[in-house]
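Text of the file input-v4.pdb, holding PDB, C-alpha atoms:
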```pdb
ATOM      1  CA  MET A  28       0.000   0.000   0.000
ATOM      2  CA  GLU A  29       1.317   3.451  -0.774
ATOM      3  CA  TRP A  30       1.075   6.730   1.119
ATOM      4  CA  ALA A  31      -1.989   8.900   0.516
ATOM      5  CA  PHE A  32      -1.770  12.675   0.663
ATOM      6  CA  ASP A  33      -5.385  13.443  -0.244
ATOM      7  CA  GLY A  34      -6.510  14.918   3.079
ATOM      8  CA  GLY A  35      -6.070  18.510   1.960
ATOM      9  CA  ARG A  36      -4.269  19.337   5.200
ATOM     10  CA  PRO A  37      -1.035  17.909   6.642
ATOM     11  CA  CYS A  38      -2.724  16.886   9.900
ATOM     12  CA  LEU A  39      -5.302  14.843   7.962
ATOM     13  CA  ASP A  40      -2.555  13.208   5.928
ATOM     14  CA  LEU A  41      -1.076  12.066   9.252
ATOM     15  CA  VAL A  42      -4.496  10.773  10.379
ATOM     16  CA  ASN A  43      -4.692   8.859   7.101
ATOM     17  CA  THR A  44      -1.597   6.825   7.976
ATOM     18  CA  LEU A  45      -4.038   4.415   9.622
ATOM     19  CA  ARG A  46      -6.055   3.033   6.743
ATOM     20  CA  SER A  47      -9.275   1.054   6.694
ATOM     21  CA  ARG A  48     -10.516   2.428   9.998
ATOM     22  CA  TYR A  49     -13.962   1.086   9.073
ATOM     23  CA  ALA A  50     -12.599  -2.455   9.441
ATOM     24  CA  GLU A  51      -9.591  -3.816  11.286
ATOM     25  CA  GLY A  52      -7.262  -0.987  10.275
ATOM     26  CA  VAL A  53      -4.076  -1.087   8.260
ATOM     27  CA  GLU A  54      -1.153   0.583  10.016
ATOM     28  CA  MET A  55       1.169   2.494   7.681
ATOM     29  CA  LEU A  56       3.524   3.751  10.420
ATOM     30  CA  THR A  57       5.042   0.332  10.954
ATOM     31  CA  GLY A  58       8.336   1.536  12.391
ATOM     32  CA  PRO A  59      10.990   4.249  12.412
ATOM     33  CA  ASP A  60      11.843   3.812   8.722
ATOM     34  CA  ALA A  61       8.195   4.213   7.705
ATOM     35  CA  LEU A  62       7.792   7.385   9.788
ATOM     36  CA  ALA A  63      11.044   8.816   8.395
ATOM     37  CA  GLU A  64       9.799   8.111   4.860
ATOM     38  CA  TRP A  65       6.405   9.704   5.548
ATOM     39  CA  LEU A  66       7.999  12.822   7.072
ATOM     40  CA  SER A  67      10.201  13.190   4.006
ATOM     41  CA  LEU A  68       7.429  12.592   1.462
ATOM     42  CA  ALA A  69       5.100  14.948   3.357
ATOM     43  CA  GLY A  70       7.742  17.669   3.064
ATOM     44  CA  PHE A  71       8.654  17.992   6.735
ATOM     45  CA  THR A  72      12.255  16.915   6.258
ATOM     46  CA  ALA A  73      14.676  17.224   3.380
ATOM     47  CA  GLY A  74      15.267  13.485   3.382
ATOM     48  CA  PRO A  75      15.336  10.704   5.928
ATOM     49  CA  VAL A  76      16.083  11.769   9.490
ATOM     50  CA  PRO A  77      16.853   9.626  12.538
ATOM     51  CA  VAL A  78      13.553   8.385  13.959
ATOM     52  CA  THR A  79      13.147   6.287  17.092
ATOM     53  CA  ALA A  80      10.512   3.775  18.122
ATOM     54  CA  GLY A  81       9.410   6.390  20.678
ATOM     55  CA  ASN A  82       8.849   8.868  17.829
ATOM     56  CA  VAL A  83       6.612   6.310  16.114
ATOM     57  CA  LEU A  84       4.546   5.852  19.284
ATOM     58  CA  ALA A  85       4.296   9.643  19.673
ATOM     59  CA  ALA A  86       3.212  10.016  16.026
ATOM     60  CA  LYS A  87       0.486   7.403  16.479
ATOM     61  CA  ALA A  88      -0.739   9.035  19.705
ATOM     62  CA  LEU A  89      -0.810  12.462  18.029
ATOM     63  CA  ARG A  90      -2.557  10.992  14.984
ATOM     64  CA  GLU A  91      -5.338   9.461  17.058
ATOM     65  CA  ALA A  92      -5.779  12.578  19.208
ATOM     66  CA  ILE A  93      -6.059  14.722  16.064
ATOM     67  CA  ASP A  94      -8.618  12.320  14.609
ATOM     68  CA  ARG A  95     -10.722  12.438  17.774
ATOM     69  CA  VAL A  96     -10.476  16.246  17.993
ATOM     70  CA  LEU A  97     -11.455  16.769  14.346
ATOM     71  CA  LEU A  98     -14.243  14.160  14.244
ATOM     72  CA  PRO A  99     -15.624  14.290  17.753
ATOM     73  CA  PRO A 100     -18.794  12.510  18.766
ATOM     74  CA  GLU A 101     -19.515  15.404  21.142
ATOM     75  CA  VAL A 102     -16.923  17.480  22.954
ATOM     76  CA  PRO A 103     -13.274  16.463  22.521
ATOM     77  CA  GLU A 104     -11.633  14.826  25.519
ATOM     78  CA  LYS A 105      -9.361  17.027  27.619
ATOM     79  CA  MET A 106      -6.564  14.471  27.233
ATOM     80  CA  ASP A 107      -6.689  14.784  23.420
ATOM     81  CA  LEU A 108      -6.673  18.582  23.578
ATOM     82  CA  GLU A 109      -3.661  18.512  25.894
ATOM     83  CA  LEU A 110      -1.772  16.098  23.648
ATOM     84  CA  VAL A 111      -2.332  18.293  20.572
ATOM     85  CA  ASN A 112      -1.498  21.486  22.495
ATOM     86  CA  ASN A 113       1.671  19.976  23.994
ATOM     87  CA  ALA A 114       2.840  18.751  20.596
ATOM     88  CA  ALA A 115       2.246  22.199  19.099
ATOM     89  CA  ALA A 116       4.315  23.840  21.836
ATOM     90  CA  ALA A 117       7.068  21.224  22.025
ATOM     91  CA  ALA A 118       9.403  22.315  19.270
ATOM     92  CA  PRO A 119       9.244  25.909  18.179
ATOM     93  CA  ALA A 120      10.918  26.454  14.845
ATOM     94  CA  PRO A 121      14.232  28.247  15.028
ATOM     95  CA  PRO A 122      13.839  31.858  13.971
ATOM     96  CA  PRO A 123      15.098  32.938  10.577
ATOM     97  CA  ARG A 124      18.250  34.986  10.501
ATOM     98  CA  LEU A 125      20.021  37.290   8.116
ATOM     99  CA  VAL A 126      23.329  36.210   6.628
ATOM    100  CA  LEU A 127      25.639  38.057   4.323
ATOM    101  CA  ALA A 128      26.714  35.827   1.447
ATOM    102  CA  ASP A 129      28.802  37.246  -1.404
ATOM    103  CA  GLY A 130      27.803  40.767  -0.448
ATOM    104  CA  VAL A 131      24.067  39.967  -0.567
ATOM    105  CA  LEU A 132      21.726  39.681   2.395
ATOM    106  CA  ARG A 133      19.918  36.371   2.486
ATOM    107  CA  ARG A 134      17.333  34.847   4.752
ATOM    108  CA  GLU A 135      18.438  31.596   6.353
ATOM    109  CA  VAL A 136      16.285  29.264   8.422
ATOM    110  CA  PRO A 137      18.412  26.974  10.553
ATOM    111  CA  ALA A 138      17.463  23.320  10.715
ATOM    112  CA  PRO A 139      15.577  22.451  13.898
ATOM    113  CA  LYS A 140      17.492  20.600  16.597
ATOM    114  CA  ASP A 141      14.821  17.866  16.595
ATOM    115  CA  PRO A 142      13.244  17.676  13.122
ATOM    116  CA  VAL A 143      10.734  15.027  14.204
ATOM    117  CA  ALA A 144       9.414  17.108  17.124
ATOM    118  CA  ALA A 145       9.356  20.155  14.841
ATOM    119  CA  ALA A 146       7.238  18.218  12.333
ATOM    120  CA  PHE A 147       4.865  17.109  15.095
ATOM    121  CA  ALA A 148       4.567  20.752  16.222
ATOM    122  CA  VAL A 149       3.584  21.839  12.707
ATOM    123  CA  LEU A 150       1.082  18.968  12.416
ATOM    124  CA  ALA A 151      -0.485  19.826  15.780
ATOM    125  CA  ALA A 152      -0.670  23.533  14.893
ATOM    126  CA  ASP A 153      -2.334  22.600  11.598
ATOM    127  CA  ALA A 154      -4.895  20.514  13.507
ATOM    128  CA  ILE A 155      -5.586  23.469  15.820
ATOM    129  CA  ASP A 156      -6.087  25.751  12.821
ATOM    130  CA  LEU A 157      -8.376  23.236  11.119
ATOM    131  CA  ALA A 158     -10.435  22.534  14.248
ATOM    132  CA  THR A 159     -11.122  26.247  14.710
ATOM    133  CA  SER A 160     -11.547  27.203  11.039
ATOM    134  CA  GLY A 161     -15.123  26.089  10.494
ATOM    135  CA  ALA A 162     -13.970  23.869   7.625
ATOM    136  CA  GLU A 163     -15.649  20.502   7.388
ATOM    137  CA  VAL A 164     -13.674  17.313   7.861
ATOM    138  CA  ARG A 165     -15.307  14.374   6.128
ATOM    139  CA  ILE A 166     -14.782  10.651   5.818
ATOM    140  CA  CYS A 167     -14.546   9.193   2.319
ATOM    141  CA  ALA A 168     -17.899   7.756   1.225
ATOM    142  CA  ALA A 169     -16.329   4.713  -0.430
ATOM    143  CA  ASP A 170     -17.271   1.571   1.480
ATOM    144  CA  ASP A 171     -13.692   0.315   1.481
ATOM    145  CA  CYS A 172     -11.794   3.521   2.245
ATOM    146  CA  GLY A 173     -12.391   5.680   5.328
ATOM    147  CA  LEU A 174      -9.707   8.318   4.673
ATOM    148  CA  ARG A 175     -10.343  11.737   6.197
ATOM    149  CA  PHE A 176     -10.271  14.894   4.087
ATOM    150  CA  CYS A 177     -11.006  18.586   4.367
ATOM    151  CA  ASP A 178     -13.982  19.436   2.180
ATOM    152  CA  ALA A 179     -13.032  22.679   0.463
ATOM    153  CA  SER A 180     -15.396  22.154  -2.478
ATOM    154  CA  PRO A 181     -17.539  25.177  -3.416
ATOM    155  CA  ARG A 182     -20.780  23.509  -2.279
ATOM    156  CA  ARG A 183     -19.177  21.553   0.584
ATOM    157  CA  ASN A 184     -20.502  18.303  -0.875
ATOM    158  CA  ARG A 185     -17.339  16.395  -1.733
ATOM    159  CA  GLN A 186     -17.825  12.677  -1.135
ATOM    160  CA  TRP A 187     -14.510  10.968  -1.843
ATOM    161  CA  CYS A 188     -10.970  11.408  -0.592
ATOM    162  CA  SER A 189      -9.769  11.348  -4.185
ATOM    163  CA  MET A 190     -11.659  11.291  -7.431
ATOM    164  CA  ALA A 191      -8.799   9.361  -9.014
ATOM    165  CA  ARG A 192      -8.997   6.591  -6.432
ATOM    166  CA  CYS A 193     -12.370   6.247  -4.734
ATOM    167  CA  GLY A 194     -14.593   8.503  -6.852
ATOM    168  CA  ASN A 195     -13.829   6.745 -10.125
ATOM    169  CA  ARG A 196     -14.297   3.296  -8.577
ATOM    170  CA  ALA A 197     -17.644   4.279  -7.043
ATOM    171  CA  LYS A 198     -18.876   5.791 -10.305
ATOM    172  CA  ALA A 199     -17.712   2.740 -12.276
ATOM    173  CA  ARG A 200     -19.535   0.400  -9.848
ATOM    174  CA  ALA A 201     -22.724   2.473 -10.100
ATOM    175  CA  HIS A 202     -22.492   2.515 -13.887
ATOM    176  CA  TYR A 203     -21.958  -1.246 -14.022
ATOM    177  CA  ALA A 204     -24.943  -1.787 -11.715
ATOM    178  CA  ARG A 205     -27.155   0.369 -13.965
ATOM    179  CA  ILE A 206     -25.982  -1.368 -17.138
ATOM    180  CA  SER A 207     -26.238  -4.911 -15.762
ATOM    181  CA  GLY A 208     -29.693  -4.162 -14.320
ATOM    182  CA  ARG A 209     -31.056  -3.326 -17.812
ATOM    183  CA  GLU A 210     -29.914  -6.521 -19.489
TER     184      GLU A 210
END
```

Show me the file's structure as structure tokens.
Amino acid sequence: MEWAFDGGRPCLDLVNTLRSRYAEGVEMLTGPDALAEWLSLAGFTAGPVPVTAGNVLAAKALREAIDRVLLPPEVPEKMDLELVNNAAAAAPAPPPRLVLADGVLRREVPAPKDPVAAAFAVLAADAIDLATSGAEVRICAADDCGLRFCDASPRRNRQWCSMARCGNRAKARAHYARISGRE
């Protein structure tokens, strides 16, 4: 199975690292190498970074807290709010600085001391922004999917995480059912 970045927001792409939530679940963050790959592909690091088993557990805990905060049955649990808030505050990005290179002023952003914690902070901040934005988080309507996405469609009626993946399959199944029902 390959990574899916169809959530429309980085925090939802993290949530979508647990697939098939409607059934038994398929874990994509299977270990440090998988998390390092996801962080790189998601654009949080400029390549693989050292990731520990503890980082993987923290990523999974943050992922589940974000999911519960964004798709609450009622009011989010205090524990989930604290986890997201603590992750957002854990690793502030180093401030940019001015450097003089070849007689020209340039902006330089130093690499964070802990790139994994910095990525988690950005993901948590994105979840906070999304939770308070009024945007609608939906679950893909395909029976065999369950990915979360931010519905930014003009009418707020998007049904599938991706038209290329789930939308086309659903439309093809409906078309086949109509055609086979006539014969």

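Atom to atom, atom CA of A:Phe32 and atom CA of A:Leu56 stand 14.2 Å apart.
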
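In terms of minimum interatomic distance to A:Leu174, A:Leu45 ranks closest within A:Met106, A:Leu45, A:Ala73, A:Cys38, counting all atoms listed in the file.
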
For the file shown, report as a list in words the outcome of the PyMOL selection byres ((chain A and resi 94-102) around 10) at residue level.
Cys38, Leu39, Leu41, Val42, Asn43, Ala88, Leu89, Arg90, Glu91, Ala92, Ile93, Pro103, Glu104, Lys105, Asp107, Leu108, Val111, Ala154, Ile155, Leu157, Ala158, Thr159, Glu163, Val164, Arg165, Ile166 and Arg175 of chain A

Which residues come within 12 Å of A:Val143, counting all atoms listed in the file, excluding same-chain residues fewer than 5 positions away, as an MDAnalysis selection string?
chainID A and resid 59 62:67 70:83 85:86 114 117:120 138 148:150

Only C-alpha atoms, please: the residues just picked out, written as a PDB file, keeping the file's coordinate frame.
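The resulting file, selection28.pdb, is reproduced below:
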```pdb
ATOM      1  CA  PRO A  59      10.990   4.249  12.412  1.00  0.00           C
ATOM      2  CA  LEU A  62       7.792   7.385   9.788  1.00  0.00           C
ATOM      3  CA  ALA A  63      11.044   8.816   8.395  1.00  0.00           C
ATOM      4  CA  GLU A  64       9.799   8.111   4.860  1.00  0.00           C
ATOM      5  CA  TRP A  65       6.405   9.704   5.548  1.00  0.00           C
ATOM      6  CA  LEU A  66       7.999  12.822   7.072  1.00  0.00           C
ATOM      7  CA  SER A  67      10.201  13.190   4.006  1.00  0.00           C
ATOM      8  CA  GLY A  70       7.742  17.669   3.064  1.00  0.00           C
ATOM      9  CA  PHE A  71       8.654  17.992   6.735  1.00  0.00           C
ATOM     10  CA  THR A  72      12.255  16.915   6.258  1.00  0.00           C
ATOM     11  CA  ALA A  73      14.676  17.224   3.380  1.00  0.00           C
ATOM     12  CA  GLY A  74      15.267  13.485   3.382  1.00  0.00           C
ATOM     13  CA  PRO A  75      15.336  10.704   5.928  1.00  0.00           C
ATOM     14  CA  VAL A  76      16.083  11.769   9.490  1.00  0.00           C
ATOM     15  CA  PRO A  77      16.853   9.626  12.538  1.00  0.00           C
ATOM     16  CA  VAL A  78      13.553   8.385  13.959  1.00  0.00           C
ATOM     17  CA  THR A  79      13.147   6.287  17.092  1.00  0.00           C
ATOM     18  CA  ALA A  80      10.512   3.775  18.122  1.00  0.00           C
ATOM     19  CA  GLY A  81       9.410   6.390  20.678  1.00  0.00           C
ATOM     20  CA  ASN A  82       8.849   8.868  17.829  1.00  0.00           C
ATOM     21  CA  VAL A  83       6.612   6.310  16.114  1.00  0.00           C
ATOM     22  CA  ALA A  85       4.296   9.643  19.673  1.00  0.00           C
ATOM     23  CA  ALA A  86       3.212  10.016  16.026  1.00  0.00           C
ATOM     24  CA  ALA A 114       2.840  18.751  20.596  1.00  0.00           C
ATOM     25  CA  ALA A 117       7.068  21.224  22.025  1.00  0.00           C
ATOM     26  CA  ALA A 118       9.403  22.315  19.270  1.00  0.00           C
ATOM     27  CA  PRO A 119       9.244  25.909  18.179  1.00  0.00           C
ATOM     28  CA  ALA A 120      10.918  26.454  14.845  1.00  0.00           C
ATOM     29  CA  ALA A 138      17.463  23.320  10.715  1.00  0.00           C
ATOM     30  CA  ALA A 148       4.567  20.752  16.222  1.00  0.00           C
ATOM     31  CA  VAL A 149       3.584  21.839  12.707  1.00  0.00           C
ATOM     32  CA  LEU A 150       1.082  18.968  12.416  1.00  0.00           C
TER      33      LEU A 150
END
```

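Residue nearest A:Ala69, chosen from A:Thr44, A:Asn195, A:Asn112, A:Ser180 and counting all atoms listed in the file: A:Thr44.
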
Taking the file as I've supplied it (selection: the PyMOL selection byres ((chain A and resi 36) around 8)), which residues are included? Please answer as a tab-separated table (two decimals) with C-alpha atoms, in the coordinates of the input.
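Full text of out.tsv as output:
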```tsv
chain	number	residue	atom	x	y	z
A	34	GLY	CA	-6.51	14.92	3.08
A	35	GLY	CA	-6.07	18.51	1.96
A	37	PRO	CA	-1.03	17.91	6.64
A	38	CYS	CA	-2.72	16.89	9.90
A	39	LEU	CA	-5.30	14.84	7.96
A	40	ASP	CA	-2.56	13.21	5.93
A	153	ASP	CA	-2.33	22.60	11.60
A	176	PHE	CA	-10.27	14.89	4.09
A	177	CYS	CA	-11.01	18.59	4.37
```

Let me know the residues the PyMOL selection byres ((chain A and resi 169) around 9) catches in the file above, as a PDB file with C-alpha atoms, keeping the file's coordinate frame.
```
ATOM      1  CA  ILE A 166     -14.782  10.651   5.818  1.00  0.00           C
ATOM      2  CA  CYS A 167     -14.546   9.193   2.319  1.00  0.00           C
ATOM      3  CA  ALA A 168     -17.899   7.756   1.225  1.00  0.00           C
ATOM      4  CA  ASP A 170     -17.271   1.571   1.480  1.00  0.00           C
ATOM      5  CA  ASP A 171     -13.692   0.315   1.481  1.00  0.00           C
ATOM      6  CA  CYS A 172     -11.794   3.521   2.245  1.00  0.00           C
ATOM      7  CA  GLY A 173     -12.391   5.680   5.328  1.00  0.00           C
ATOM      8  CA  GLN A 186     -17.825  12.677  -1.135  1.00  0.00           C
ATOM      9  CA  TRP A 187     -14.510  10.968  -1.843  1.00  0.00           C
ATOM     10  CA  CYS A 188     -10.970  11.408  -0.592  1.00  0.00           C
ATOM     11  CA  CYS A 193     -12.370   6.247  -4.734  1.00  0.00           C
ATOM     12  CA  GLY A 194     -14.593   8.503  -6.852  1.00  0.00           C
ATOM     13  CA  ARG A 196     -14.297   3.296  -8.577  1.00  0.00           C
ATOM     14  CA  ALA A 197     -17.644   4.279  -7.043  1.00  0.00           C
TER      15      ALA A 197
END
```

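Here atom CA of A:Ala146 and atom CA of A:Ala179 stand 23.9 Å from one another.
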
Test item: residues at most 9 Å from A:Arg124, all atoms listed in the file, excluding those fewer than 3 positions along its chain, as a count of residues only:
5

Of the candidates A:Ser47, A:Lys140, A:Val126, A:Glu29, which shows the shortest atom-to-atom distance to A:Ala61, using only C-alpha atoms?
A:Glu29

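In this model, the gap between atom CA of A:Ala31 and atom CA of A:Asn113 comes to 26.2 Å.
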
Axis-aligned box for all listed atoms of stretch 71-75 of chain A, 4 Å per side, centre and edges in Å to one decimal, as AutoDock Vina command-line options:
```
--center_x 12.0 --center_y 14.3 --center_z 5.1 --size_x 14.7 --size_y 15.3 --size_z 11.4
```

Go through A:Pro122, A:Ile206, A:Leu68, A:Met55 one by one, measure the shortest atom-to-atom distance of each to A:Pro139 using only C-alpha atoms, and give the residue with the smallest value.
A:Pro122

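With only C-alpha atoms as the atoms that count, the residue of A:Tyr49, A:Pro121, A:Glu54, A:Arg182 with the shortest distance to A:Trp30 is A:Glu54.
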
Missing atoms in stretch 122-149 of chain A: can you complete it with N, CA and C atoms, as a CSV table (one decimal), in the coordinates of the input?
```
chain,number,residue,atom,x,y,z
A,122,PRO,N,14.2,30.6,14.7
A,122,PRO,CA,13.8,31.9,14.0
A,122,PRO,C,14.8,32.0,12.8
A,123,PRO,N,14.2,32.7,11.7
A,123,PRO,CA,15.1,32.9,10.6
A,123,PRO,C,16.1,34.0,11.0
A,124,ARG,N,17.2,34.0,10.2
A,124,ARG,CA,18.2,35.0,10.5
A,124,ARG,C,18.8,35.5,9.2
A,125,LEU,N,19.4,36.7,9.3
A,125,LEU,CA,20.0,37.3,8.1
A,125,LEU,C,21.5,36.9,8.0
A,126,VAL,N,21.9,36.5,6.9
A,126,VAL,CA,23.3,36.2,6.6
A,126,VAL,C,23.8,37.0,5.4
A,127,LEU,N,25.0,37.3,5.4
A,127,LEU,CA,25.6,38.1,4.3
A,127,LEU,C,26.5,37.1,3.5
A,128,ALA,N,26.0,36.8,2.3
A,128,ALA,CA,26.7,35.8,1.4
A,128,ALA,C,27.1,36.5,0.1
A,129,ASP,N,28.3,36.6,-0.2
A,129,ASP,CA,28.8,37.2,-1.4
A,129,ASP,C,28.3,38.7,-1.5
A,130,GLY,N,28.2,39.4,-0.4
A,130,GLY,CA,27.8,40.8,-0.4
A,130,GLY,C,26.3,41.0,-0.5
A,131,VAL,N,25.5,39.9,-0.4
A,131,VAL,CA,24.1,40.0,-0.6
A,131,VAL,C,23.4,39.4,0.7
A,132,LEU,N,22.5,40.2,1.2
A,132,LEU,CA,21.7,39.7,2.4
A,132,LEU,C,20.8,38.6,2.0
A,133,ARG,N,20.8,37.5,2.7
A,133,ARG,CA,19.9,36.4,2.5
A,133,ARG,C,19.2,36.0,3.8
A,134,ARG,N,18.1,35.4,3.6
A,134,ARG,CA,17.3,34.8,4.8
A,134,ARG,C,17.7,33.4,4.9
A,135,GLU,N,18.1,33.0,6.1
A,135,GLU,CA,18.4,31.6,6.4
A,135,GLU,C,17.6,31.1,7.5
A,136,VAL,N,17.0,29.9,7.3
A,136,VAL,CA,16.3,29.3,8.4
A,136,VAL,C,17.1,28.0,8.9
A,137,PRO,N,17.6,28.1,10.1
A,137,PRO,CA,18.4,27.0,10.6
A,137,PRO,C,17.6,25.7,10.7
A,138,ALA,N,18.2,24.6,10.5
A,138,ALA,CA,17.5,23.3,10.7
A,138,ALA,C,17.1,23.2,12.2
A,139,PRO,N,15.9,22.6,12.5
A,139,PRO,CA,15.6,22.5,13.9
A,139,PRO,C,16.5,21.4,14.6
A,140,LYS,N,16.7,21.6,15.9
A,140,LYS,CA,17.5,20.6,16.6
A,140,LYS,C,16.9,19.2,16.6
A,141,ASP,N,15.5,19.1,16.6
A,141,ASP,CA,14.8,17.9,16.6
A,141,ASP,C,13.8,18.0,15.5
A,142,PRO,N,14.2,17.5,14.3
A,142,PRO,CA,13.2,17.7,13.1
A,142,PRO,C,11.9,16.9,13.3
A,143,VAL,N,12.0,15.8,14.0
A,143,VAL,CA,10.7,15.0,14.2
A,143,VAL,C,9.8,15.8,15.1
A,144,ALA,N,10.3,16.3,16.2
A,144,ALA,CA,9.4,17.1,17.1
A,144,ALA,C,8.9,18.4,16.4
A,145,ALA,N,9.8,19.0,15.6
A,145,ALA,CA,9.4,20.2,14.8
A,145,ALA,C,8.2,19.8,13.9
A,146,ALA,N,8.3,18.7,13.2
A,146,ALA,CA,7.2,18.2,12.3
A,146,ALA,C,6.0,18.0,13.1
A,147,PHE,N,6.1,17.3,14.3
A,147,PHE,CA,4.9,17.1,15.1
A,147,PHE,C,4.2,18.4,15.5
A,148,ALA,N,5.1,19.4,15.8
A,148,ALA,CA,4.6,20.8,16.2
A,148,ALA,C,3.8,21.4,15.1
A,149,VAL,N,4.3,21.3,13.9
A,149,VAL,CA,3.6,21.8,12.7
A,149,VAL,C,2.3,21.1,12.5
```
